[in-house]
$ cat target-v5.txt   # compact mmCIF, C-alpha atoms and all ligand atoms
# COMPACT_ATOMS: atom_id res chain seq x y z
CA THR G 9 19.41 79.66 56.02
CA ARG G 10 20.00 76.04 55.15
CA ARG G 11 16.95 73.88 55.73
CA SER G 12 15.68 70.47 54.78
CA ILE G 13 12.59 70.18 52.63
CA ILE G 14 10.45 67.15 51.91
CA ARG G 15 11.17 66.37 48.30
CA GLY G 16 8.96 63.26 48.04
CA THR G 17 6.85 60.80 50.01
CA GLY G 18 5.86 57.17 49.61
CA HIS G 19 4.17 54.39 51.51
CA TYR G 20 3.38 50.71 51.46
CA LEU G 21 0.72 48.63 53.16
CA PRO G 22 0.73 44.83 53.17
CA GLU G 23 -2.00 43.27 51.02
CA ARG G 24 -3.91 41.54 53.79
CA VAL G 25 -6.66 43.71 55.30
CA VAL G 26 -8.24 42.59 58.56
CA GLU G 27 -11.60 44.09 59.53
CA ASN G 28 -12.59 44.55 63.18
CA SER G 29 -15.15 41.76 62.81
CA TRP G 30 -12.25 39.29 62.36
CA PHE G 31 -11.58 39.58 66.12
CA GLU G 32 -15.17 38.94 67.18
CA ASP G 33 -15.00 35.14 67.25
CA LYS G 34 -11.50 35.10 68.72
CA LEU G 35 -11.89 37.51 71.64
CA ASP G 36 -14.55 39.05 73.84
CA THR G 37 -14.79 42.17 71.67
CA THR G 38 -16.97 43.74 68.99
CA ASP G 39 -16.55 45.86 65.89
CA GLU G 40 -18.75 48.43 67.69
CA TRP G 41 -16.41 48.62 70.74
CA ILE G 42 -13.26 48.98 68.64
CA ARG G 43 -14.84 51.57 66.33
CA THR G 44 -16.30 53.78 69.05
CA ARG G 45 -13.35 53.56 71.51
CA THR G 46 -10.55 53.88 68.97
CA GLY G 47 -11.84 54.95 65.54
CA ILE G 48 -10.14 51.90 64.02
CA GLU G 49 -12.12 49.93 61.43
CA ARG G 50 -9.46 47.79 59.78
CA ARG G 51 -5.72 47.32 59.61
CA HIS G 52 -3.17 45.60 57.36
CA PHE G 53 -1.10 42.63 58.53
CA ALA G 54 2.12 41.53 56.86
CA ALA G 55 2.13 38.11 55.24
CA GLU G 56 4.18 35.28 56.67
CA GLY G 57 7.76 35.84 55.60
CA GLU G 58 7.14 39.53 54.88
CA ALA G 59 9.57 41.46 57.08
CA THR G 60 9.78 45.07 58.20
CA SER G 61 12.57 45.66 55.65
CA ASP G 62 10.31 44.42 52.84
CA LEU G 63 7.64 46.99 53.71
CA ALA G 64 10.33 49.66 54.11
CA ILE G 65 11.90 48.95 50.70
CA HIS G 66 8.53 49.32 48.95
CA ALA G 67 7.88 52.64 50.73
CA ALA G 68 11.44 53.83 50.01
CA LYS G 69 11.14 53.12 46.28
CA ALA G 70 7.82 54.95 46.16
CA ALA G 71 9.30 57.99 47.94
CA LEU G 72 12.33 58.09 45.62
CA ALA G 73 10.05 57.85 42.57
CA ASP G 74 7.87 60.66 43.94
CA ALA G 75 10.96 62.80 44.60
CA GLY G 76 12.32 61.99 41.15
CA ILE G 77 15.76 61.16 42.49
CA ALA G 78 17.90 58.06 42.16
CA ALA G 79 18.85 55.94 45.16
CA GLU G 80 22.52 56.68 44.32
CA ASP G 81 21.87 60.33 45.18
CA LEU G 82 21.09 59.55 48.82
CA ASP G 83 23.70 60.36 51.46
CA GLY G 84 21.99 58.26 54.08
CA ILE G 85 19.00 56.35 55.38
CA VAL G 86 17.49 56.78 58.84
CA LEU G 87 14.79 54.26 59.67
CA ALA G 88 12.50 54.30 62.69
CA THR G 89 11.27 50.92 63.91
CA SER G 90 10.69 48.90 67.06
CA THR G 91 10.09 45.71 65.11
CA PRO G 92 13.35 45.11 63.21
CA ASP G 93 13.91 42.02 61.06
CA PHE G 94 16.83 40.98 63.30
CA THR G 95 18.44 42.25 66.47
CA PHE G 96 21.12 43.56 64.16
CA PRO G 97 22.09 44.83 61.62
CA ALA G 98 19.86 47.86 61.32
CA VAL G 99 16.85 47.51 59.02
CA ALA G 100 18.11 50.66 57.29
CA THR G 101 21.11 48.71 55.98
CA MET G 102 18.76 46.12 54.46
CA VAL G 103 16.85 48.91 52.79
CA GLN G 104 20.14 50.28 51.47
CA ALA G 105 21.01 46.88 49.99
CA GLY G 106 17.45 46.52 48.69
CA LEU G 107 17.85 49.82 46.85
CA GLY G 108 21.09 48.53 45.35
CA ILE G 109 23.32 51.25 46.77
CA THR G 110 26.57 51.02 48.73
CA ARG G 111 27.43 54.57 49.67
CA GLY G 112 26.26 56.69 52.58
CA PHE G 113 25.16 55.74 56.09
CA ALA G 114 22.18 53.67 57.20
CA TYR G 115 20.97 53.21 60.76
CA ASP G 116 17.83 52.70 62.84
CA VAL G 117 16.21 54.95 65.43
CA GLN G 118 14.12 53.41 68.18
CA ALA G 119 11.57 55.65 69.86
CA VAL G 120 8.52 53.40 69.38
CA CYS G 121 5.50 55.39 68.14
CA ALA G 122 7.48 58.63 68.29
CA GLY G 123 10.21 57.03 66.17
CA PHE G 124 9.46 58.83 62.93
CA VAL G 125 9.36 62.24 64.58
CA PHE G 126 12.73 61.49 66.22
CA ALA G 127 14.19 60.18 62.94
CA LEU G 128 12.94 63.19 60.99
CA ALA G 129 14.38 65.64 63.54
CA ASN G 130 17.64 63.68 63.49
CA ALA G 131 17.94 63.70 59.69
CA ASP G 132 17.02 67.39 59.60
CA ALA G 133 19.78 68.20 62.11
CA MET G 134 22.32 66.31 59.97
CA ILE G 135 21.25 68.13 56.84
CA ARG G 136 21.32 71.53 58.53
CA GLY G 137 24.70 70.67 60.03
CA GLY G 138 26.08 69.98 56.57
CA MET G 139 26.63 66.24 57.05
CA ALA G 140 24.25 65.26 54.25
CA GLU G 141 22.36 66.70 51.30
CA ARG G 142 19.68 64.03 50.91
CA VAL G 143 18.45 61.60 53.53
CA LEU G 144 15.73 59.00 53.20
CA VAL G 145 13.69 58.89 56.41
CA ILE G 146 11.50 55.84 56.91
CA GLY G 147 9.05 54.55 59.51
CA ALA G 148 8.37 50.82 59.12
CA GLU G 149 6.76 48.35 61.49
CA THR G 150 5.32 44.86 61.79
CA PHE G 151 3.60 45.20 65.18
CA SER G 152 1.47 42.14 64.35
CA ARG G 153 4.59 40.14 65.29
CA ILE G 154 4.61 41.34 68.90
CA MET G 155 0.89 41.11 69.67
CA ASP G 156 -0.49 38.98 72.46
CA TRP G 157 -3.52 37.68 70.54
CA SER G 158 -5.30 36.88 73.81
CA ASP G 159 -5.12 40.52 75.04
CA ARG G 160 -8.13 42.37 73.66
CA GLY G 161 -6.83 45.63 75.11
CA THR G 162 -3.88 45.72 72.68
CA CYS G 163 -4.15 43.30 69.74
CA VAL G 164 -7.07 45.10 68.11
CA LEU G 165 -5.17 48.40 68.02
CA PHE G 166 -2.12 47.82 65.84
CA GLY G 167 -1.36 47.28 62.18
CA ASP G 168 1.65 46.89 59.87
CA GLY G 169 2.95 49.30 57.25
CA ALA G 170 5.70 51.66 56.14
CA GLY G 171 6.05 55.27 55.03
CA ALA G 172 9.04 57.23 53.79
CA VAL G 173 10.09 60.76 52.95
CA VAL G 174 13.06 62.09 51.00
CA LEU G 175 14.59 65.05 52.83
CA GLU G 176 16.79 67.38 50.84
CA ALA G 177 18.90 70.41 51.72
CA ALA G 178 17.60 73.74 50.44
CA GLU G 179 19.57 76.93 50.74
CA GLY G 180 16.54 79.10 51.39
CA LYS G 181 16.56 80.96 48.10
CA GLY G 182 13.72 81.73 45.70
CA ASP G 183 10.70 79.49 45.90
CA ASN G 184 12.16 77.47 48.73
CA SER G 185 12.96 80.43 50.97
CA ASP G 186 10.48 79.65 53.72
CA ARG G 187 9.83 75.96 53.06
CA GLY G 188 11.07 72.96 54.97
CA ILE G 189 11.39 71.76 58.52
CA LEU G 190 11.09 74.78 60.80
CA ALA G 191 11.44 73.33 64.29
CA SER G 192 11.41 70.12 66.33
CA ASP G 193 10.69 69.31 69.95
CA LEU G 194 11.73 65.90 71.33
CA ASN G 195 11.12 64.51 74.82
CA SER G 196 11.53 61.29 76.79
CA ASP G 197 10.78 60.26 80.36
CA GLY G 198 12.02 56.77 81.20
CA ARG G 199 10.14 56.61 84.50
CA TYR G 200 7.09 55.52 82.51
CA ARG G 201 8.57 52.33 81.07
CA ASP G 202 5.90 50.07 82.51
CA LEU G 203 3.02 51.91 80.84
CA LEU G 204 4.00 50.61 77.42
CA TYR G 205 6.75 48.08 76.75
CA VAL G 206 7.56 44.73 75.16
CA ASP G 207 8.18 42.03 77.76
CA GLY G 208 11.06 40.36 75.93
CA GLY G 209 14.47 41.18 74.55
CA VAL G 210 17.99 40.01 73.87
CA SER G 211 19.54 40.90 77.23
CA THR G 212 16.63 39.78 79.39
CA THR G 213 14.46 36.92 78.18
CA GLY G 214 16.16 36.08 74.91
CA THR G 215 12.74 36.17 73.25
CA ALA G 216 10.97 38.75 71.13
CA GLY G 217 8.23 39.23 73.74
CA HIS G 218 4.78 40.78 73.52
CA LEU G 219 3.51 44.33 73.74
CA ARG G 220 2.11 45.26 77.16
CA MET G 221 0.20 48.48 77.67
CA GLN G 222 -1.75 50.24 80.37
CA GLY G 223 -3.90 51.88 77.72
CA ASN G 224 -5.87 54.28 79.89
CA LEU G 225 -2.69 55.69 81.50
CA VAL G 226 -0.99 56.08 78.11
CA PHE G 227 -4.15 57.77 76.93
CA ARG G 228 -3.97 60.38 79.71
CA HIS G 229 -0.29 61.16 79.04
CA ALA G 230 -1.01 61.40 75.31
CA VAL G 231 -3.81 63.92 75.67
CA GLU G 232 -1.65 66.12 77.92
CA LYS G 233 1.76 65.81 76.26
CA LEU G 234 0.92 65.91 72.53
CA ALA G 235 -0.59 69.38 72.50
CA GLN G 236 2.26 70.59 74.77
CA THR G 237 5.01 69.35 72.46
CA ALA G 238 3.21 70.67 69.37
CA HIS G 239 2.88 74.09 71.00
CA ARG G 240 6.59 74.08 71.97
CA ALA G 241 7.59 73.20 68.40
CA LEU G 242 5.36 75.99 67.06
CA ASP G 243 6.91 78.42 69.55
CA LYS G 244 10.40 77.47 68.38
CA ALA G 245 9.26 78.05 64.78
CA GLY G 246 7.88 81.47 65.75
CA LEU G 247 4.37 80.48 64.69
CA GLU G 248 0.96 80.72 66.34
CA GLN G 249 -1.49 77.84 66.31
CA ASP G 250 -3.87 79.72 64.01
CA GLN G 251 -1.18 79.62 61.31
CA VAL G 252 -1.35 75.82 61.18
CA GLU G 253 -3.03 74.36 58.09
CA TRP G 254 -2.63 70.66 58.83
CA LEU G 255 -2.14 68.42 61.81
CA VAL G 256 -0.63 65.06 60.85
CA PRO G 257 -0.79 63.18 64.15
CA HIS G 258 0.42 59.74 65.12
CA GLN G 259 -2.60 57.57 64.41
CA ALA G 260 -3.19 55.68 67.66
CA ASN G 261 -6.71 56.51 68.64
CA MET G 262 -9.36 58.85 67.24
CA ARG G 263 -10.23 60.14 70.73
CA ILE G 264 -6.60 61.18 71.37
CA ILE G 265 -6.42 62.84 67.95
CA THR G 266 -9.68 64.73 68.49
CA ALA G 267 -8.61 65.95 71.94
CA THR G 268 -5.24 67.14 70.61
CA ALA G 269 -6.83 68.94 67.65
CA GLN G 270 -9.22 70.66 70.05
CA LYS G 271 -6.35 71.83 72.29
CA MET G 272 -4.68 73.24 69.19
CA GLY G 273 -7.84 75.01 68.08
CA LEU G 274 -7.97 73.03 64.82
CA PRO G 275 -11.19 71.77 63.25
CA ILE G 276 -11.10 68.05 62.46
CA GLU G 277 -11.18 68.84 58.69
CA ARG G 278 -7.61 70.13 59.13
CA VAL G 279 -6.40 66.82 60.55
CA VAL G 280 -5.08 64.03 58.33
CA LEU G 281 -6.82 60.83 59.47
CA THR G 282 -5.78 57.32 58.49
CA VAL G 283 -6.43 55.54 61.79
CA ALA G 284 -9.70 53.99 60.54
CA ASP G 285 -7.96 52.14 57.71
CA HIS G 286 -4.46 51.55 59.13
CA GLY G 287 -4.87 51.19 62.90
CA ASN G 288 -1.82 52.16 64.94
CA THR G 289 1.26 51.40 62.84
CA SER G 290 3.62 52.92 65.43
CA ALA G 291 6.58 54.69 63.78
CA ALA G 292 5.04 54.15 60.34
CA SER G 293 1.82 56.04 61.03
CA ILE G 294 2.98 59.62 60.40
CA PRO G 295 4.91 58.99 57.16
CA LEU G 296 1.99 56.84 56.00
CA ALA G 297 -0.45 59.66 56.71
CA LEU G 298 1.86 62.26 55.11
CA SER G 299 2.23 60.15 51.99
CA VAL G 300 -1.48 59.37 51.68
CA ALA G 301 -2.44 63.04 52.09
CA ALA G 302 0.32 64.22 49.73
CA SER G 303 -0.68 61.71 47.05
CA GLU G 304 -4.25 63.03 47.29
CA GLY G 305 -2.90 66.53 46.68
CA ARG G 306 -4.20 67.83 50.01
CA PHE G 307 -1.12 69.92 50.92
CA LYS G 308 -0.49 73.24 49.14
CA ALA G 309 2.95 74.79 48.86
CA GLY G 310 3.44 76.98 51.92
CA ASP G 311 1.05 75.06 54.21
CA VAL G 312 2.25 74.80 57.80
CA ILE G 313 2.07 71.16 58.91
CA VAL G 314 2.45 69.96 62.49
CA THR G 315 3.28 66.32 63.21
CA GLU G 316 3.20 64.87 66.73
CA ALA G 317 3.51 61.46 68.36
CA ILE G 318 3.90 59.71 71.71
CA GLY G 319 4.83 56.15 72.46
CA GLY G 320 6.76 53.74 74.62
CA GLY G 321 9.47 55.24 76.80
CA LEU G 322 7.57 57.34 77.22
CA SER G 323 8.96 59.31 74.28
CA TRP G 324 7.11 62.08 72.49
CA GLY G 325 7.70 64.97 70.17
CA SER G 326 6.63 67.20 67.34
CA VAL G 327 8.08 68.49 64.06
CA VAL G 328 6.72 71.62 62.39
CA LEU G 329 7.34 72.14 58.70
CA ARG G 330 6.23 74.30 55.81
CA TRP G 331 5.22 72.22 52.76
N1 LIG E 401 -13.12 45.04 73.30
C1 LIG E 401 -14.00 45.15 74.32
N2 LIG E 401 -13.65 45.62 75.53
C2 LIG E 401 -12.37 46.01 75.71
C3 LIG E 401 -11.40 45.91 74.69
C4 LIG E 401 -11.82 45.39 73.44
N3 LIG E 401 -11.00 45.27 72.39
N4 LIG E 401 -10.22 46.37 75.16
C5 LIG E 401 -10.44 46.74 76.42
N5 LIG E 401 -11.72 46.51 76.77
C6 LIG E 401 -12.39 46.74 78.04
C7 LIG E 401 -11.42 46.75 79.21
O1 LIG E 401 -11.08 45.42 79.58
C8 LIG E 401 -12.20 47.48 80.26
O2 LIG E 401 -13.11 46.58 80.83
P1 LIG E 401 -13.39 46.61 82.42
O3 LIG E 401 -13.94 47.98 82.66
O4 LIG E 401 -14.33 45.50 82.59
O5 LIG E 401 -12.03 46.39 83.05
C9 LIG E 401 -13.00 48.49 79.44
O6 LIG E 401 -12.96 48.03 78.08
C10 LIG E 401 -12.45 49.89 79.51
O7 LIG E 401 -11.03 49.82 79.36
P2 LIG E 401 -10.11 51.06 79.24
O8 LIG E 401 -8.72 50.61 79.01
O9 LIG E 401 -10.40 52.01 80.35
O10 LIG E 401 -10.72 51.65 77.89
P3 LIG E 401 -10.36 52.96 77.15
O11 LIG E 401 -11.59 53.68 76.83
O12 LIG E 401 -9.23 53.68 77.81
O13 LIG E 401 -9.82 52.42 75.75
C11 LIG E 401 -7.71 52.02 74.70
C12 LIG E 401 -8.72 51.55 75.71
C13 LIG E 401 -8.37 52.00 73.33
C14 LIG E 401 -6.54 51.07 74.71
C15 LIG E 401 -7.27 53.43 75.03
O14 LIG E 401 -6.91 53.51 76.36
C16 LIG E 401 -6.13 53.89 74.22
O15 LIG E 401 -6.23 54.05 73.02
N6 LIG E 401 -4.99 54.20 74.85
C17 LIG E 401 -3.84 54.73 74.19
C18 LIG E 401 -3.16 53.76 73.36
C19 LIG E 401 -2.05 54.43 72.67
O16 LIG E 401 -2.21 55.51 72.14
N7 LIG E 401 -0.88 53.88 72.69
C20 LIG E 401 0.13 54.75 72.19
C21 LIG E 401 1.15 54.59 71.56
S1 LIG E 401 1.52 53.01 71.03
C22 LIG E 401 3.22 52.77 70.99
O17 LIG E 401 4.02 53.58 71.35
C23 LIG E 401 3.66 51.39 70.58
$ encode --input "target-v5.txt" --output "structure tokens" --more "lines below"
Ligand code: ACO
Amino acid sequence: TRRSIIRGTGHYLPERVVENSWFEDKLDTTDEWIRTRTGIERRHFAAEGEATSDLAIHAAKAALADAGIAAEDLDGIVLATSTPDFTFPAVATMVQAGLGITRGFAYDVQAVCAGFVFALANADAMIRGGMAERVLVIGAETFSRIMDWSDRGTCVLFGDGAGAVVLEAAEGKGDNSDRGILASDLNSDGRYRDLLYVDGGVSTTGTAGHLRMQGNLVFRHAVEKLAQTAHRALDKAGLEQDQVEWLVPHQANMRIITATAQKMGLPIERVVLTVADHGNTSAASIPLALSVAASEGRFKAGDVIVTEAIGGGLSWGSVVLRW
């Protein structure tokens, strides 16, 4: 069977690192509160003038180098973001230009924190359907640009960054026979808009707006829905949870990650954790975590990896793959 395998990964984090203590003289908060309630210790913020596409281009080049393929060999770019440079065109087209290529398609996917999972499932479906051989899938965000810096319940949680993977068609022969993306499970429920949204936009206020979140309600949905979607994806792949080697979760909050790992019967050593150093980078968090773990050589060929994420929409989902 034709499948898509991850041929390479890459990531980029802006230079500026902001420790929790930075917020202490600006807001009624403490390093201790942020650490114990979220697991976040620091995050990266993009420099002035550094746009989402800039982060994405760095990550894209790193992923191509890791895959050992030229940008010209890509059939398309799918980029997940909720913080695009401009209303249009798609950030993916700026990445395409930044890579110096002119062939293939390039478009954005918008599913907030679940964006990368949606984009990966989307690119996988195109590859399996024969529409493309190689697709660059990117998650890139500059959430620092939509923070309300007076809202301690949100502005301490998010960071900026980008991660990318090169997906390639494999015909399921030889060494690659059981590798690749095995199953995806995607979900949305628009009734929950008000739990997590940005209060601005082109067709309403004409402004970029700020992120608004009812954190404790999102938290409850996350703990319930993430394990459910991961289990559905595993079911579709014909796998049991004890066959999972790695959980690569969306990195929003350590307590959500721990609860999900518990529901999946996975010890925390089997979970890739970057939340302490990156904060919540929305659609960038999973490809960032994948790339960091891959560059450390933590995944072995044949390992079953489960990714899962939930975010604004609400939208949530999971992709199961064999490394
Ligand atoms: N420092 C100190 N106190 C704070 C801070 C802060 N930074 N933020 C909130 N508090 C206070 C609240 O004001 C509240 O005070 P009160 O009791 O006097 O009203 C108290 O802490 C408890 O607030 P809760 O919101 O109940 O705290 P909780 O333990 O739920 O933690 C948090 C809040 C971290 C936001 C948590 O709910 C969470 O992580 N939620 C999920 C966030 C998430 O995953 N978003 C997902 C996806 S993001 C996307 O799609 C873009």
$ residues_around --input "target-v5.txt" --residues "region 280-293 of chain G" --least-positions-apart "4" --cutoff "8 Å" --atoms "all atoms listed in the file" --output "number ranges by chain"
G: 47-52, 88-90, 119-124, 146-151, 165-171, 254-262, 297-298, 301, 319
$ write_last_selection --input "target-v5.txt" --atoms "C-alpha atoms" --output "PDB file, in the coordinates of the input"
ATOM      1  CA  GLY G  47     -11.840  54.950  65.540  1.00  0.00           C
ATOM      2  CA  ILE G  48     -10.140  51.900  64.020  1.00  0.00           C
ATOM      3  CA  GLU G  49     -12.120  49.930  61.430  1.00  0.00           C
ATOM      4  CA  ARG G  50      -9.460  47.790  59.780  1.00  0.00           C
ATOM      5  CA  ARG G  51      -5.720  47.320  59.610  1.00  0.00           C
ATOM      6  CA  HIS G  52      -3.170  45.600  57.360  1.00  0.00           C
ATOM      7  CA  ALA G  88      12.500  54.300  62.690  1.00  0.00           C
ATOM      8  CA  THR G  89      11.270  50.920  63.910  1.00  0.00           C
ATOM      9  CA  SER G  90      10.690  48.900  67.060  1.00  0.00           C
ATOM     10  CA  ALA G 119      11.570  55.650  69.860  1.00  0.00           C
ATOM     11  CA  VAL G 120       8.520  53.400  69.380  1.00  0.00           C
ATOM     12  CA  CYS G 121       5.500  55.390  68.140  1.00  0.00           C
ATOM     13  CA  ALA G 122       7.480  58.630  68.290  1.00  0.00           C
ATOM     14  CA  GLY G 123      10.210  57.030  66.170  1.00  0.00           C
ATOM     15  CA  PHE G 124       9.460  58.830  62.930  1.00  0.00           C
ATOM     16  CA  ILE G 146      11.500  55.840  56.910  1.00  0.00           C
ATOM     17  CA  GLY G 147       9.050  54.550  59.510  1.00  0.00           C
ATOM     18  CA  ALA G 148       8.370  50.820  59.120  1.00  0.00           C
ATOM     19  CA  GLU G 149       6.760  48.350  61.490  1.00  0.00           C
ATOM     20  CA  THR G 150       5.320  44.860  61.790  1.00  0.00           C
ATOM     21  CA  PHE G 151       3.600  45.200  65.180  1.00  0.00           C
ATOM     22  CA  LEU G 165      -5.170  48.400  68.020  1.00  0.00           C
ATOM     23  CA  PHE G 166      -2.120  47.820  65.840  1.00  0.00           C
ATOM     24  CA  GLY G 167      -1.360  47.280  62.180  1.00  0.00           C
ATOM     25  CA  ASP G 168       1.650  46.890  59.870  1.00  0.00           C
ATOM     26  CA  GLY G 169       2.950  49.300  57.250  1.00  0.00           C
ATOM     27  CA  ALA G 170       5.700  51.660  56.140  1.00  0.00           C
ATOM     28  CA  GLY G 171       6.050  55.270  55.030  1.00  0.00           C
ATOM     29  CA  TRP G 254      -2.630  70.660  58.830  1.00  0.00           C
ATOM     30  CA  LEU G 255      -2.140  68.420  61.810  1.00  0.00           C
ATOM     31  CA  VAL G 256      -0.630  65.060  60.850  1.00  0.00           C
ATOM     32  CA  PRO G 257      -0.790  63.180  64.150  1.00  0.00           C
ATOM     33  CA  HIS G 258       0.420  59.740  65.120  1.00  0.00           C
ATOM     34  CA  GLN G 259      -2.600  57.570  64.410  1.00  0.00           C
ATOM     35  CA  ALA G 260      -3.190  55.680  67.660  1.00  0.00           C
ATOM     36  CA  ASN G 261      -6.710  56.510  68.640  1.00  0.00           C
ATOM     37  CA  MET G 262      -9.360  58.850  67.240  1.00  0.00           C
ATOM     38  CA  ALA G 297      -0.450  59.660  56.710  1.00  0.00           C
ATOM     39  CA  LEU G 298       1.860  62.260  55.110  1.00  0.00           C
ATOM     40  CA  ALA G 301      -2.440  63.040  52.090  1.00  0.00           C
ATOM     41  CA  GLY G 319       4.830  56.150  72.460  1.00  0.00           C
TER      42      GLY G 319
END
$ atom_distance --input "target-v5.txt" --atom1 "CA of Gly106 (chain G)" --atom2 "CA of Ala133 (chain G)"
25.6 Å
$ residues_around --input "target-v5.txt" --residues "Arg240 (chain G)" --least-positions-apart "4" --cutoff "10 Å" --atoms "all atoms listed in the file" --output "list in words"
Ala191, Ser192, Asp193, Leu194, Leu234, Ala235, Gln236, Lys244, Ala245, Gly246, Leu247, Gly325, Ser326, Val327 and Val328 of chain G
$ residues_near_ligand --input "target-v5.txt" --ligand "ligand LIG 401 (chain E)" --cutoff "6 Å" --atoms "only C-alpha atoms and all ligand atoms" --output "PyMOL selection string"
chain G and resi 37-38+41-42+45-46+120-121+160-161+164+223-224+226-227+260-261+290+318-320
$ residues_around --input "target-v5.txt" --residues "region 72-81 of chain G" --least-positions-apart "5" --cutoff "7 Å" --atoms "only C-alpha atoms" --output "list in words"
Arg15, Gly16, Thr17, Gly18, Leu107, Ile109 and Val174 of chain G
$ closest_residue --input "target-v5.txt" --among "G:Arg263, G:Asp159, G:Ala71, G:Pro295" --to "Ala127 (chain G)" --atoms "only C-alpha atoms"
G:Pro295
$ atom_distance --input "target-v5.txt" --atom1 "CA of Glu23 (chain G)" --atom2 "CA of Ala172 (chain G)"
18.0 Å
$ closest_residue --input "target-v5.txt" --among "G:Ala302, G:Val117, G:Leu190, G:Ile13" --to "Pro92 (chain G)" --atoms "all atoms listed in the file"
G:Val117
$ atom_distance --input "target-v5.txt" --atom1 "CA of Leu219 (chain G)" --atom2 "CA of Asp62 (chain G)"
22.0 Å
$ residues_near_point --input "target-v5.txt" --point "(16.0, 59.3, 51.0)" --cutoff "7 Å" --atoms "all atoms listed in the file" --output "MDAnalysis selection string"
chainID G and resid 72 82 84:85 142:145 173:175
$ closest_residue --input "target-v5.txt" --among "G:Glu58, G:Asp197, G:Glu277, G:Asp186" --to "Val312 (chain G)" --atoms "all atoms listed in the file"
G:Asp186
$ residues_around --input "target-v5.txt" --residues "Arg136 (chain G)" --least-positions-apart "6" --cutoff "9 Å" --atoms "all atoms listed in the file" --output "ChimeraX atom specification"
/G:9-12,177
$ residues_around --input "target-v5.txt" --residues "Trp331 (chain G)" --least-positions-apart "3" --cutoff "9 Å" --atoms "all atoms listed in the file" --output "PyMOL selection string"
chain G and resi 13-14+187-189+307-313
$ residues_near_point --input "target-v5.txt" --point "(18.1, 59.3, 63.8)" --cutoff "7 Å" --atoms "all atoms listed in the file" --output "mmCIF file with C-alpha atoms, in the frame of the given file"
data_model
loop_
_atom_site.group_PDB
_atom_site.id
_atom_site.type_symbol
_atom_site.label_atom_id
_atom_site.label_comp_id
_atom_site.auth_asym_id
_atom_site.auth_seq_id
_atom_site.Cartn_x
_atom_site.Cartn_y
_atom_site.Cartn_z
ATOM 1 C CA VAL G 86 17.490 56.780 58.840
ATOM 2 C CA ASP G 116 17.830 52.700 62.840
ATOM 3 C CA VAL G 117 16.210 54.950 65.430
ATOM 4 C CA PHE G 126 12.730 61.490 66.220
ATOM 5 C CA ALA G 127 14.190 60.180 62.940
ATOM 6 C CA ASN G 130 17.640 63.680 63.490
ATOM 7 C CA ALA G 131 17.940 63.700 59.690
#
$ decode --input "target-v5.txt" --residues "region 121-132 of chain G" --atoms "N, CA and C atoms" --output "PDB file, in the first residue's frame"
ATOM      1  N   CYS G 121      -4.368  25.263  17.444  1.00  0.00           N
ATOM      2  CA  CYS G 121      -3.344  24.369  18.003  1.00  0.00           C
ATOM      3  C   CYS G 121      -3.369  22.982  17.371  1.00  0.00           C
ATOM      4  N   ALA G 122      -4.509  22.612  16.778  1.00  0.00           N
ATOM      5  CA  ALA G 122      -4.591  21.319  16.103  1.00  0.00           C
ATOM      6  C   ALA G 122      -4.120  21.434  14.647  1.00  0.00           C
ATOM      7  N   GLY G 123      -3.667  22.599  14.250  1.00  0.00           N
ATOM      8  CA  GLY G 123      -3.352  22.868  12.850  1.00  0.00           C
ATOM      9  C   GLY G 123      -2.365  21.907  12.235  1.00  0.00           C
ATOM     10  N   PHE G 124      -1.306  21.561  12.967  1.00  0.00           N
ATOM     11  CA  PHE G 124      -0.309  20.678  12.365  1.00  0.00           C
ATOM     12  C   PHE G 124      -0.870  19.275  12.137  1.00  0.00           C
ATOM     13  N   VAL G 125      -1.644  18.793  13.088  1.00  0.00           N
ATOM     14  CA  VAL G 125      -2.253  17.466  12.931  1.00  0.00           C
ATOM     15  C   VAL G 125      -3.178  17.464  11.707  1.00  0.00           C
ATOM     16  N   PHE G 126      -3.954  18.537  11.540  1.00  0.00           N
ATOM     17  CA  PHE G 126      -4.842  18.643  10.375  1.00  0.00           C
ATOM     18  C   PHE G 126      -4.016  18.711   9.083  1.00  0.00           C
ATOM     19  N   ALA G 127      -2.956  19.515   9.097  1.00  0.00           N
ATOM     20  CA  ALA G 127      -2.123  19.683   7.898  1.00  0.00           C
ATOM     21  C   ALA G 127      -1.430  18.379   7.521  1.00  0.00           C
ATOM     22  N   LEU G 128      -0.961  17.666   8.534  1.00  0.00           N
ATOM     23  CA  LEU G 128      -0.264  16.390   8.292  1.00  0.00           C
ATOM     24  C   LEU G 128      -1.233  15.363   7.701  1.00  0.00           C
ATOM     25  N   ALA G 129      -2.438  15.291   8.267  1.00  0.00           N
ATOM     26  CA  ALA G 129      -3.451  14.357   7.762  1.00  0.00           C
ATOM     27  C   ALA G 129      -3.832  14.724   6.327  1.00  0.00           C
ATOM     28  N   ASN G 130      -3.925  16.009   6.076  1.00  0.00           N
ATOM     29  CA  ASN G 130      -4.266  16.527   4.757  1.00  0.00           C
ATOM     30  C   ASN G 130      -3.197  16.169   3.724  1.00  0.00           C
ATOM     31  N   ALA G 131      -1.941  16.419   4.067  1.00  0.00           N
ATOM     32  CA  ALA G 131      -0.840  16.113   3.145  1.00  0.00           C
ATOM     33  C   ALA G 131      -0.741  14.604   2.916  1.00  0.00           C
ATOM     34  N   ASP G 132      -0.959  13.842   3.971  1.00  0.00           N
ATOM     35  CA  ASP G 132      -0.923  12.376   3.861  1.00  0.00           C
ATOM     36  C   ASP G 132      -2.005  11.888   2.896  1.00  0.00           C
TER      37      ASP G 132
END
